[in-house]
$ cat protein.txt   # compact mmCIF, C-alpha atoms
# COMPACT_ATOMS: atom_id res chain seq x y z
CA MET A 9 88.10 29.02 81.91
CA THR A 10 88.26 31.49 79.02
CA GLU A 11 86.09 34.55 79.45
CA LEU A 12 84.13 35.75 76.45
CA THR A 13 84.70 39.29 75.21
CA THR A 14 81.73 41.63 74.80
CA GLU A 15 81.88 41.09 71.02
CA GLU A 16 81.89 37.32 71.41
CA MET A 17 78.97 37.47 73.79
CA GLU A 18 77.01 39.64 71.39
CA ARG A 19 77.74 37.27 68.50
CA ALA A 20 76.69 34.26 70.57
CA GLU A 21 73.44 35.97 71.49
CA ILE A 22 72.69 36.83 67.85
CA GLU A 23 73.54 33.29 66.69
CA MET A 24 71.01 31.95 69.17
CA LEU A 25 68.32 34.29 67.86
CA LEU A 26 68.85 33.57 64.15
CA PRO A 27 66.36 30.65 63.87
CA TRP A 28 63.55 32.85 65.18
CA TYR A 29 64.73 35.76 63.06
CA ALA A 30 64.37 33.48 60.02
CA THR A 31 60.84 32.42 60.97
CA GLY A 32 59.80 35.97 61.88
CA ARG A 33 58.93 34.97 65.46
CA LEU A 34 61.14 37.43 67.32
CA SER A 35 59.94 40.44 69.27
CA ARG A 36 60.34 43.76 67.50
CA ALA A 37 63.27 44.69 69.77
CA ASP A 38 65.14 41.42 69.13
CA MET A 39 64.38 41.65 65.41
CA ALA A 40 65.97 45.12 65.34
CA LYS A 41 68.94 43.84 67.35
CA VAL A 42 69.60 41.04 64.82
CA GLU A 43 69.15 43.32 61.84
CA SER A 44 71.56 45.86 63.26
CA TYR A 45 74.14 43.14 63.95
CA LEU A 46 73.77 41.67 60.45
CA ALA A 47 74.27 45.11 58.94
CA ARG A 48 77.50 45.55 60.91
CA ASN A 49 78.71 41.97 60.40
CA PRO A 50 77.79 40.86 56.87
CA GLN A 51 79.81 37.64 57.28
CA VAL A 52 77.06 36.36 59.61
CA ALA A 53 74.70 36.28 56.62
CA HIS A 54 76.23 32.88 55.80
CA GLN A 55 74.86 31.58 59.08
CA LEU A 56 71.46 32.92 58.21
CA ASP A 57 71.63 30.98 54.93
CA LEU A 58 72.38 27.81 56.92
CA VAL A 59 69.40 28.48 59.16
CA ARG A 60 67.13 28.93 56.13
CA ASP A 61 68.40 25.65 54.62
CA GLU A 62 67.70 23.91 57.92
CA GLN A 63 64.20 25.34 58.02
CA GLU A 64 63.46 24.38 54.43
CA GLN A 65 64.55 20.79 54.97
CA THR A 66 62.78 20.51 58.34
CA VAL A 67 59.54 21.54 56.64
CA ALA A 68 60.20 19.07 53.80
CA ALA A 69 60.92 16.25 56.26
CA ASN A 70 57.70 16.94 58.15
CA GLU A 71 55.54 17.29 55.03
CA ALA A 72 56.95 14.02 53.70
CA LEU A 73 55.45 12.20 56.67
CA GLY A 74 52.04 12.50 55.06
CA TRP A 75 48.79 11.93 56.86
CA PRO A 76 47.58 9.56 59.52
CA SER A 77 45.37 6.73 58.24
CA GLY A 78 41.75 7.45 57.46
CA GLY A 79 40.12 5.84 60.49
CA ALA A 80 41.73 8.09 63.13
CA LEU A 81 38.73 10.38 63.59
CA ASP A 82 36.43 7.35 63.73
CA ARG A 83 38.47 5.85 66.56
CA LEU A 84 38.65 9.18 68.40
CA MET A 85 34.89 9.75 68.26
CA ALA A 86 34.20 6.16 69.31
CA GLY A 87 36.55 6.60 72.27
CA LEU A 88 34.91 9.77 73.62
CA PRO A 89 33.45 9.34 77.10
CA GLY A 90 29.75 8.68 76.57
CA ALA A 91 30.14 7.43 73.00
CA PRO A 92 28.08 4.30 72.33
CA ALA A 93 30.34 1.31 72.92
CA GLY A 94 28.79 -0.77 70.14
CA GLY A 95 27.81 2.12 67.93
CA THR A 96 27.87 1.93 64.16
CA ARG A 97 31.34 2.56 62.78
CA MET A 98 31.63 4.78 59.75
CA THR A 99 34.26 4.15 57.10
CA ALA A 100 37.08 6.64 56.68
CA SER A 101 35.47 7.95 53.52
CA ALA A 102 32.04 8.29 55.10
CA LEU A 103 33.65 10.23 57.95
CA PHE A 104 35.49 12.51 55.53
CA PHE A 105 32.29 13.40 53.70
CA GLN A 106 30.42 13.72 57.00
CA HIS A 107 33.13 16.13 58.07
CA ILE A 108 32.76 18.21 54.91
CA ARG A 109 28.96 18.22 55.42
CA ASP A 110 29.41 19.31 59.05
CA PHE A 111 31.48 22.30 58.04
CA PHE A 112 29.16 23.54 55.37
CA THR A 113 26.00 22.84 57.39
CA PHE A 114 26.93 25.47 59.98
CA PRO A 115 28.00 28.47 57.91
CA THR A 116 27.48 31.03 60.66
CA ALA A 117 29.59 29.30 63.31
CA GLY A 118 32.72 31.30 64.09
CA GLY A 119 34.94 28.24 63.99
CA VAL A 120 33.99 27.45 60.45
CA ARG A 121 35.47 30.39 58.62
CA TRP A 122 39.04 29.17 59.01
CA ALA A 123 37.99 25.78 57.72
CA ALA A 124 36.36 27.31 54.67
CA ALA A 125 39.51 29.35 54.05
CA GLY A 126 41.77 26.32 54.49
CA VAL A 127 39.62 24.14 52.31
CA ALA A 128 39.40 26.89 49.72
CA ALA A 129 43.20 27.07 49.58
CA LEU A 130 43.44 23.32 49.11
CA VAL A 131 40.70 23.40 46.49
CA ALA A 132 42.51 26.15 44.63
CA VAL A 133 45.80 24.23 44.56
CA GLN A 134 44.19 20.99 43.45
CA ALA A 135 41.93 22.76 40.99
CA VAL A 136 45.01 24.19 39.30
CA ALA A 137 46.59 20.72 39.22
CA ILE A 138 43.46 19.16 37.77
CA ALA A 139 42.93 22.01 35.35
CA THR A 140 46.47 21.33 34.13
CA LEU A 141 45.55 17.70 33.82
CA LEU A 142 42.42 18.45 31.82
CA LEU A 143 44.20 20.99 29.66
CA GLY A 144 46.56 18.23 28.62
CA ASP A 145 43.64 15.93 28.06
CA ARG A 146 41.76 18.39 25.92
CA GLY A 147 44.50 19.94 23.88
CA GLY A 148 44.43 23.34 25.54
CA SER A 149 40.78 24.18 26.23
CA TYR A 150 39.87 23.63 29.85
CA GLN A 151 36.32 22.78 30.73
CA VAL A 152 34.86 20.42 33.24
CA ALA A 153 34.17 17.11 31.56
CA SER A 154 30.58 15.95 31.41
CA GLY A 155 28.41 13.29 29.88
CA GLN A 156 28.61 9.53 29.62
CA GLN A 157 31.67 7.86 28.28
CA ALA A 158 31.10 5.89 25.16
CA GLY A 159 30.22 2.23 25.60
CA GLY A 160 30.16 -0.12 28.60
CA GLU A 161 28.95 0.36 32.16
CA THR A 162 30.10 3.17 34.42
CA VAL A 163 30.13 3.98 38.10
CA SER A 164 30.31 7.50 39.54
CA ALA A 165 31.96 8.51 42.79
CA LEU A 166 32.85 11.60 44.80
CA VAL A 167 36.58 11.71 45.43
CA ALA A 168 38.88 13.86 47.52
CA PHE A 169 42.54 13.75 46.58
CA THR A 170 45.37 13.99 49.09
CA ASP A 171 47.35 17.23 49.46
CA GLU A 172 50.33 15.46 47.96
CA ALA A 173 48.51 14.27 44.82
CA THR A 174 49.93 15.89 41.70
CA ALA A 175 48.30 16.35 38.31
CA LYS A 176 50.60 13.62 37.01
CA SER A 177 49.73 11.09 39.72
CA ILE A 178 45.99 11.82 39.38
CA SER A 179 46.23 11.47 35.61
CA ARG A 180 48.01 8.13 35.96
CA LEU A 181 45.46 6.90 38.47
CA LEU A 182 42.52 7.89 36.27
CA SER A 183 44.12 6.22 33.31
CA GLU A 184 44.68 3.05 35.34
CA PHE A 185 41.04 3.01 36.44
CA ARG A 186 39.74 4.11 33.04
CA GLY A 187 38.16 7.10 34.73
CA LYS A 188 37.42 10.78 34.11
CA ILE A 189 36.70 13.78 36.27
CA VAL A 190 33.18 14.89 35.34
CA ASP A 191 32.53 17.62 37.89
CA GLY A 192 34.25 19.74 40.50
CA PRO A 193 35.80 21.04 42.50
CA ARG A 194 32.89 21.01 44.92
CA PRO A 195 33.07 22.35 48.50
CA GLY A 196 35.86 20.63 50.38
CA GLY A 197 37.89 19.96 47.23
CA VAL A 198 35.66 17.09 46.22
CA TYR A 199 35.50 15.94 42.61
CA LYS A 200 33.02 13.70 40.85
CA ILE A 201 34.64 11.04 38.75
CA ARG A 202 33.26 8.35 36.49
CA LEU A 203 34.96 4.99 35.99
CA ARG A 204 34.33 2.68 33.07
CA LEU A 205 33.53 -0.95 33.93
CA GLU A 206 33.35 -4.16 31.96
CA ASP A 207 30.49 -5.26 34.14
CA ARG A 208 28.26 -3.50 36.67
CA SER A 209 29.19 -6.07 39.32
CA GLN A 210 32.74 -4.68 39.33
CA ALA A 211 31.64 -1.30 40.72
CA GLU A 212 32.12 -1.97 44.41
CA ALA A 213 35.46 -3.72 43.97
CA GLN A 214 36.79 -0.93 41.74
CA LEU A 215 35.83 1.78 44.24
CA LYS A 216 37.40 -0.23 47.04
CA ARG A 217 40.60 -0.55 45.01
CA LEU A 218 40.50 3.18 44.36
CA GLU A 219 40.07 3.95 48.06
CA GLU A 220 43.12 1.83 48.84
CA ARG A 221 45.32 4.24 46.86
CA ARG A 222 45.96 6.33 49.97
CA ASP A 223 48.94 8.11 48.39
CA ILE A 224 46.62 9.88 45.94
CA VAL A 225 43.07 9.40 47.20
CA ARG A 226 41.95 10.65 50.57
CA ALA A 227 38.31 9.53 50.40
CA VAL A 228 35.85 7.90 48.01
CA LEU A 229 32.06 7.84 48.18
CA GLN A 230 29.90 6.17 45.53
CA SER A 231 27.59 8.62 43.80
CA ARG A 232 24.02 7.78 42.74
CA ASP A 233 24.39 8.70 39.08
CA MET B 17 38.65 36.67 63.41
CA ASN B 18 42.14 35.20 63.44
CA ARG B 19 43.18 31.57 63.60
CA ALA B 20 43.94 31.56 67.34
CA THR B 21 40.58 33.12 68.16
CA ASP B 22 38.81 30.56 65.98
CA ASP B 23 40.64 27.75 67.78
CA ALA B 24 39.64 29.23 71.12
CA GLU B 25 36.02 29.33 69.94
CA LEU B 26 36.21 25.66 68.90
CA ILE B 27 37.62 24.74 72.30
CA ARG B 28 34.86 26.71 74.04
CA ARG B 29 32.32 24.67 72.05
CA ILE B 30 34.18 21.43 72.83
CA ALA B 31 33.98 22.30 76.53
CA ALA B 32 30.22 22.52 76.05
CA GLY B 33 30.22 18.99 74.59
CA ASP B 34 30.02 19.92 70.90
CA GLU B 35 31.42 16.95 68.97
CA THR B 36 31.31 18.85 65.66
CA ALA B 37 33.74 21.37 67.13
CA LEU B 38 36.07 18.53 68.12
CA ARG B 39 35.89 17.22 64.55
CA GLY B 40 36.76 20.73 63.36
CA LEU B 41 39.74 21.07 65.68
CA PHE B 42 40.88 17.57 64.74
CA ALA B 43 40.69 18.31 61.01
CA ARG B 44 42.62 21.51 61.50
CA HIS B 45 45.44 20.30 63.74
CA GLN B 46 45.58 16.52 63.38
CA SER B 47 48.29 16.34 60.73
CA ARG B 48 50.66 18.74 62.50
CA VAL B 49 50.17 17.09 65.89
CA TYR B 50 50.60 13.66 64.28
CA ARG B 51 53.79 14.69 62.47
CA PHE B 52 55.27 16.20 65.63
CA ILE B 53 54.64 12.96 67.52
CA LEU B 54 55.75 10.72 64.65
CA ARG B 55 59.09 12.53 64.40
CA LEU B 56 59.65 11.76 68.08
CA VAL B 57 58.35 8.20 68.41
CA GLY B 58 59.25 7.01 64.90
CA ASN B 59 56.31 4.65 64.42
CA THR B 60 53.14 5.52 62.50
CA ALA B 61 50.76 3.27 64.47
CA ILE B 62 52.00 4.62 67.81
CA ALA B 63 51.95 8.18 66.51
CA GLU B 64 48.30 7.77 65.48
CA GLU B 65 47.43 6.32 68.86
CA VAL B 66 49.20 9.12 70.74
CA THR B 67 47.59 11.74 68.45
CA ASN B 68 44.17 10.40 69.38
CA GLU B 69 45.12 10.53 73.06
CA VAL B 70 45.99 14.21 72.61
CA PHE B 71 42.55 15.03 71.19
CA LEU B 72 40.90 12.89 73.84
CA GLU B 73 42.71 14.97 76.45
CA VAL B 74 41.55 18.14 74.70
CA TRP B 75 37.97 16.81 74.88
CA ARG B 76 38.33 16.03 78.60
CA ASN B 77 40.12 19.24 79.60
CA ALA B 78 38.69 21.83 77.20
CA ALA B 79 36.93 23.56 80.09
CA LYS B 80 40.31 24.09 81.77
CA PHE B 81 41.84 25.76 78.71
CA GLU B 82 42.37 29.35 79.80
CA GLY B 83 43.22 30.83 76.45
CA SER B 84 46.39 32.44 77.79
CA SER B 85 48.27 30.53 75.10
CA ALA B 86 47.30 29.52 71.58
CA ALA B 87 45.33 26.28 71.29
CA ALA B 88 47.97 24.92 68.91
CA THR B 89 50.65 25.49 71.56
CA TRP B 90 48.48 23.78 74.17
CA MET B 91 47.95 20.75 71.94
CA LEU B 92 51.65 20.51 71.06
CA SER B 93 52.41 20.67 74.77
CA ILE B 94 50.11 17.69 75.42
CA ALA B 95 51.59 15.92 72.40
CA HIS B 96 55.14 16.47 73.61
CA HIS B 97 54.33 15.28 77.12
CA ARG B 98 52.68 12.11 75.81
CA ALA B 99 55.41 11.36 73.27
CA VAL B 100 58.12 11.80 75.91
CA SER B 101 56.17 9.56 78.31
CA TYR B 102 55.96 6.92 75.60
CA LEU B 103 59.72 7.15 74.90
CA ARG B 104 60.49 6.92 78.62
CA LYS B 105 58.26 3.88 79.00
CA ARG B 106 59.94 2.28 75.99
CA ARG B 107 63.35 2.84 77.58
CA GLU B 108 62.20 1.49 80.94
CA GLU B 109 60.75 -1.60 79.31
CA GLY B 110 64.08 -2.19 77.58
CA TRP B 111 62.96 -1.99 73.99
CA ASP B 112 65.60 -2.94 71.51
CA GLU B 113 66.50 0.48 70.11
CA ASP B 114 67.72 -1.03 66.85
CA ALA B 115 64.43 -2.84 66.38
CA ALA B 116 62.55 0.32 67.27
CA GLY B 117 64.69 2.24 64.82
CA SER B 118 63.75 -0.17 62.07
CA LEU B 119 60.12 0.85 62.57
CA ARG B 120 60.90 4.43 61.61
CA ASP B 121 59.43 5.82 58.45
CA GLY B 122 62.55 7.67 57.55
CA GLY B 123 64.51 8.50 54.46
CA ASP B 124 68.06 7.51 53.72
CA ASP B 125 70.90 7.36 56.22
CA PRO B 126 73.23 10.37 55.92
CA GLU B 127 75.87 8.12 54.30
CA VAL B 128 73.43 6.82 51.68
CA ALA B 129 72.12 10.32 51.04
CA ALA B 130 75.71 11.57 50.70
CA GLN B 131 76.35 8.99 48.02
CA LYS B 132 73.40 10.39 46.13
CA SER B 133 74.98 13.88 46.36
CA ASP B 134 71.67 15.47 47.28
CA LYS B 135 72.38 18.18 49.84
CA GLY B 136 68.76 18.48 50.87
CA ALA B 137 68.48 14.72 51.39
CA ILE B 138 71.68 14.68 53.45
CA LEU B 139 70.38 17.48 55.65
CA ARG B 140 67.03 15.69 56.10
CA ALA B 141 68.80 12.44 56.95
CA CYS B 142 70.92 14.24 59.55
CA LEU B 143 67.84 15.95 61.01
CA ASP B 144 66.37 12.47 61.43
CA LYS B 145 69.48 11.39 63.35
CA LEU B 146 69.08 14.06 66.02
CA SER B 147 68.03 12.99 69.52
CA PRO B 148 64.30 13.31 70.30
CA GLU B 149 65.10 16.33 72.49
CA HIS B 150 66.88 18.12 69.65
CA LYS B 151 64.35 16.98 67.05
CA ALA B 152 61.52 18.42 69.13
CA ILE B 153 63.06 21.88 69.43
CA VAL B 154 64.05 21.99 65.76
CA ASP B 155 60.54 20.97 64.63
CA LEU B 156 58.83 23.40 67.01
CA VAL B 157 60.92 26.32 65.77
CA TYR B 158 61.27 25.57 62.06
CA TYR B 159 58.11 23.64 61.19
CA HIS B 160 55.57 24.80 63.77
CA GLU B 161 57.15 28.27 63.82
CA LEU B 162 56.74 28.77 67.56
CA SER B 163 58.26 31.75 69.33
CA VAL B 164 60.77 31.27 72.14
CA ALA B 165 58.00 31.75 74.72
CA GLU B 166 55.69 29.24 73.00
CA ALA B 167 58.44 26.62 72.68
CA SER B 168 59.21 27.20 76.35
CA GLU B 169 55.59 26.44 77.20
CA VAL B 170 55.46 23.28 75.07
CA LEU B 171 58.73 21.88 76.41
CA GLN B 172 58.24 23.16 79.96
CA ILE B 173 61.72 24.67 80.09
CA PRO B 174 62.90 28.28 80.64
CA GLU B 175 63.17 30.55 77.60
CA ASN B 176 66.97 30.77 77.85
CA THR B 177 67.13 26.97 77.80
CA VAL B 178 64.99 26.99 74.64
CA LYS B 179 67.59 29.22 72.95
CA THR B 180 70.58 27.19 74.08
CA ARG B 181 68.90 23.87 73.24
CA MET B 182 68.19 25.10 69.72
CA PHE B 183 71.78 26.29 69.42
CA TYR B 184 73.16 22.89 70.48
CA ALA B 185 70.71 21.05 68.21
CA ARG B 186 72.04 23.08 65.29
CA LYS B 187 75.60 22.43 66.39
CA ARG B 188 74.92 18.70 66.57
CA LEU B 189 73.38 18.90 63.11
CA SER B 190 76.61 20.44 61.79
CA GLU B 191 78.60 17.60 63.38
CA LEU B 192 76.37 15.00 61.73
CA LEU B 193 76.73 16.78 58.40
CA GLN B 194 80.48 16.90 58.84
CA ALA B 195 80.49 13.14 59.44
CA ALA B 196 78.47 12.73 56.24
CA GLY B 197 81.08 14.74 54.34
CA VAL B 198 79.38 18.15 54.33
CA ASP B 199 81.38 20.99 55.85
CA ARG B 200 79.09 23.95 56.51
CA GLY B 201 81.81 26.18 57.86
CA TRP B 202 79.95 26.53 61.15
CA PRO B 203 80.46 26.46 64.07
$ encode --input "protein.txt" --output "structure tokens"
Amino acid sequence: MTELTTEEMERAEIEMLLPWYATGRLSRADMAKVESYLARNPQVAHQLDLVRDEQEQTVAANEALGWPSGGALDRLMAGLPGAPAGGTRMTASALFFQHIRDFFTFPTAGGVRWAAAGVAALVAVQAVAIATLLLGDRGGSYQVASGQQAGGETVSALVAFTDEATAKSISRLLSEFRGKIVDGPRPGGVYKIRLRLEDRSQAEAQLKRLEERRDIVRAVLQSRD
Amino acid sequence: MNRATDDAELIRRIAAGDETALRGLFARHQSRVYRFILRLVGNTAIAEEVTNEVFLEVWRNAAKFEGSSAAATWMLSIAHHRAVSYLRKRREEGWDEDAAGSLRDGGDDPEVAAQKSDKGAILRACLDKLSPEHKAIVDLVYYHELSVAEASEVLQIPENTVKTRMFYARKRLSELLQAAGVDRGWP
């Protein structure tokens, strides 16, 4: 069996630590050890580049998996010991909006602040996307749309878009459904949209169709006005 | 208050029977737990089912959570245990691995990705070809950004084994890339 030299052993140890060095999850002592080694052995920087590529693509592969289907929380809550066996089942959308209401109903609870921060980050990202969308729509002056669309019947709904939804995909969806964003973002990244209908009787079917677009729409709830 | 402390507070409330806290924890961690399981079991319906089992276990055992580790690490540990149990059961029941593989929601094969000349796609395709054991360590380190000690807790293996397993997962990845026509010059 070939014995490793001290240098080879040191290199092997550093190579093993590189993934955690890249994610910043090493102890201060190990971090210093890797940095010192990299400074003395610049050729190992290539390995660090490989590690960073691996991390980038691992994150991309995971993010591409998307979200579980909407009814997961419903099934979980129904399956809790003590949950009513024949209790009323809420739709995925109703649960989503219930969830948003839950968070903002208990503003002093310690566990809520992270949620508000997370939701705020999501709202900010989507708001930028939708602002971009509306800028394009309005020739450069962003403002939240309001008012009735000319002619025909309309139906209003509260909508939450998925994290993956882009300005382009939202724009295409709204165009397909002859819809417009008329308000938002509201707490939880919820927008109010208005869809144009040929006939009032189409409202329910249109919203159902909209809810089925799980790639772009996370939840839909019909609004009163 | 930091994220870990907030999680601990949610778990304390769950232990007291607060369903709203469970909803909060679910909303916060569901997608990451689900993705971790899905990468291992390769089937969305099963991944959803196993994810729900994880949160059900959190509900049942919240009172036993000691807070010595982060809640996220605890949940990933349950998720890993359940996903591995599922894979073991599948093997014991003699599932057709090819048929199971066809259920995966994956991207291209490395060969197909190579034809497209997209280095990122080739790397992702090769990551998808790793064994569940290697996939788990790679995801825990790169995506969930766990430390060596945390990964050791999730996988229930010594810290030195965590380091060597990650090393061999990366080495295997290089071999798969080589087979797909990408020479990384390492190892």
$ interface_residues --input "protein.txt" --of "chain A" --to "chain B" --cutoff "6 Å" --atoms "only C-alpha atoms" --output "list in words"
Met24, Arg33, Gln63, Gln65, Val67, Trp75, Leu84 and Gly119 of chain A
$ atom_distance --input "protein.txt" --atom1 "atom CA of Arg204 of chain A" --atom2 "atom CA of Arg222 of chain A"
20.8 Å
$ atom_distance --input "protein.txt" --atom1 "atom CA of Leu171 of chain B" --atom2 "atom CA of Pro148 of chain B"
11.9 Å
$ residues_around --input "protein.txt" --residues "Ala213 of chain A" --least-positions-apart "5" --cutoff "12 Å" --atoms "all atoms listed in the file" --output "PyMOL selection string"
chain A and resi 163+185+203+205+207-208+218-220+230
$ atom_distance --input "protein.txt" --atom1 "atom CA of Ala168 of chain A" --atom2 "atom CA of Ala80 of chain A"
16.9 Å
$ residues_around --input "protein.txt" --residues "Val57 of chain B" --least-positions-apart "4" --cutoff "8 Å" --atoms "all atoms listed in the file" --output "list in words"
Ile53, Ile62, Ala63, Ala99, Tyr102 and Leu103 of chain B
$ build_atoms --input "protein.txt" --residues "segment 143-161 of chain B" --atoms "N, CA, C and O atoms" --output "tab-separated table (two decimals), in the coordinates of the input"
chain	number	residue	atom	x	y	z
B	143	LEU	N	68.90	15.49	60.11
B	143	LEU	CA	67.84	15.95	61.01
B	143	LEU	C	67.17	14.75	61.68
B	143	LEU	O	66.84	14.78	62.86
B	144	ASP	N	67.02	13.68	60.91
B	144	ASP	CA	66.37	12.47	61.43
B	144	ASP	C	67.24	11.76	62.46
B	144	ASP	O	66.75	10.97	63.25
B	145	LYS	N	68.55	12.04	62.41
B	145	LYS	CA	69.48	11.39	63.35
B	145	LYS	C	69.60	12.13	64.68
B	145	LYS	O	70.28	11.67	65.59
B	146	LEU	N	68.99	13.30	64.77
B	146	LEU	CA	69.08	14.06	66.02
B	146	LEU	C	68.35	13.30	67.14
B	146	LEU	O	67.46	12.49	66.88
B	147	SER	N	68.72	13.60	68.37
B	147	SER	CA	68.03	12.99	69.52
B	147	SER	C	66.59	13.53	69.56
B	147	SER	O	66.32	14.60	69.01
B	148	PRO	N	65.68	12.81	70.21
B	148	PRO	CA	64.30	13.31	70.30
B	148	PRO	C	64.23	14.73	70.87
B	148	PRO	O	63.45	15.55	70.42
B	149	GLU	N	65.08	15.00	71.86
B	149	GLU	CA	65.10	16.33	72.49
B	149	GLU	C	65.45	17.42	71.46
B	149	GLU	O	64.81	18.47	71.40
B	150	HIS	N	66.48	17.15	70.66
B	150	HIS	CA	66.88	18.12	69.65
B	150	HIS	C	65.88	18.18	68.49
B	150	HIS	O	65.60	19.25	67.95
B	151	LYS	N	65.35	17.00	68.13
B	151	LYS	CA	64.35	16.98	67.05
B	151	LYS	C	63.14	17.82	67.43
B	151	LYS	O	62.60	18.56	66.61
B	152	ALA	N	62.72	17.69	68.68
B	152	ALA	CA	61.52	18.42	69.13
B	152	ALA	C	61.72	19.92	69.01
B	152	ALA	O	60.86	20.62	68.46
B	153	ILE	N	62.86	20.42	69.47
B	153	ILE	CA	63.06	21.88	69.43
B	153	ILE	C	63.18	22.36	67.98
B	153	ILE	O	62.60	23.40	67.61
B	154	VAL	N	63.88	21.59	67.16
B	154	VAL	CA	64.05	21.99	65.76
B	154	VAL	C	62.68	22.02	65.05
B	154	VAL	O	62.36	22.99	64.34
B	155	ASP	N	61.87	21.01	65.27
B	155	ASP	CA	60.54	20.97	64.63
B	155	ASP	C	59.65	22.11	65.14
B	155	ASP	O	58.92	22.73	64.37
B	156	LEU	N	59.70	22.34	66.45
B	156	LEU	CA	58.83	23.40	67.01
B	156	LEU	C	59.20	24.77	66.45
B	156	LEU	O	58.32	25.59	66.19
B	157	VAL	N	60.50	24.99	66.25
B	157	VAL	CA	60.92	26.32	65.77
B	157	VAL	C	60.76	26.44	64.26
B	157	VAL	O	60.18	27.41	63.76
B	158	TYR	N	61.25	25.44	63.52
B	158	TYR	CA	61.27	25.57	62.06
B	158	TYR	C	59.96	25.17	61.38
B	158	TYR	O	59.56	25.78	60.40
B	159	TYR	N	59.32	24.11	61.88
B	159	TYR	CA	58.11	23.64	61.19
B	159	TYR	C	56.85	24.26	61.79
B	159	TYR	O	55.99	24.75	61.08
B	160	HIS	N	56.78	24.25	63.14
B	160	HIS	CA	55.57	24.80	63.77
B	160	HIS	C	55.69	26.30	64.00
B	160	HIS	O	54.73	26.95	64.37
B	161	GLU	N	56.89	26.82	63.75
B	161	GLU	CA	57.15	28.27	63.82
B	161	GLU	C	56.71	28.90	65.14
B	161	GLU	O	56.05	29.93	65.17
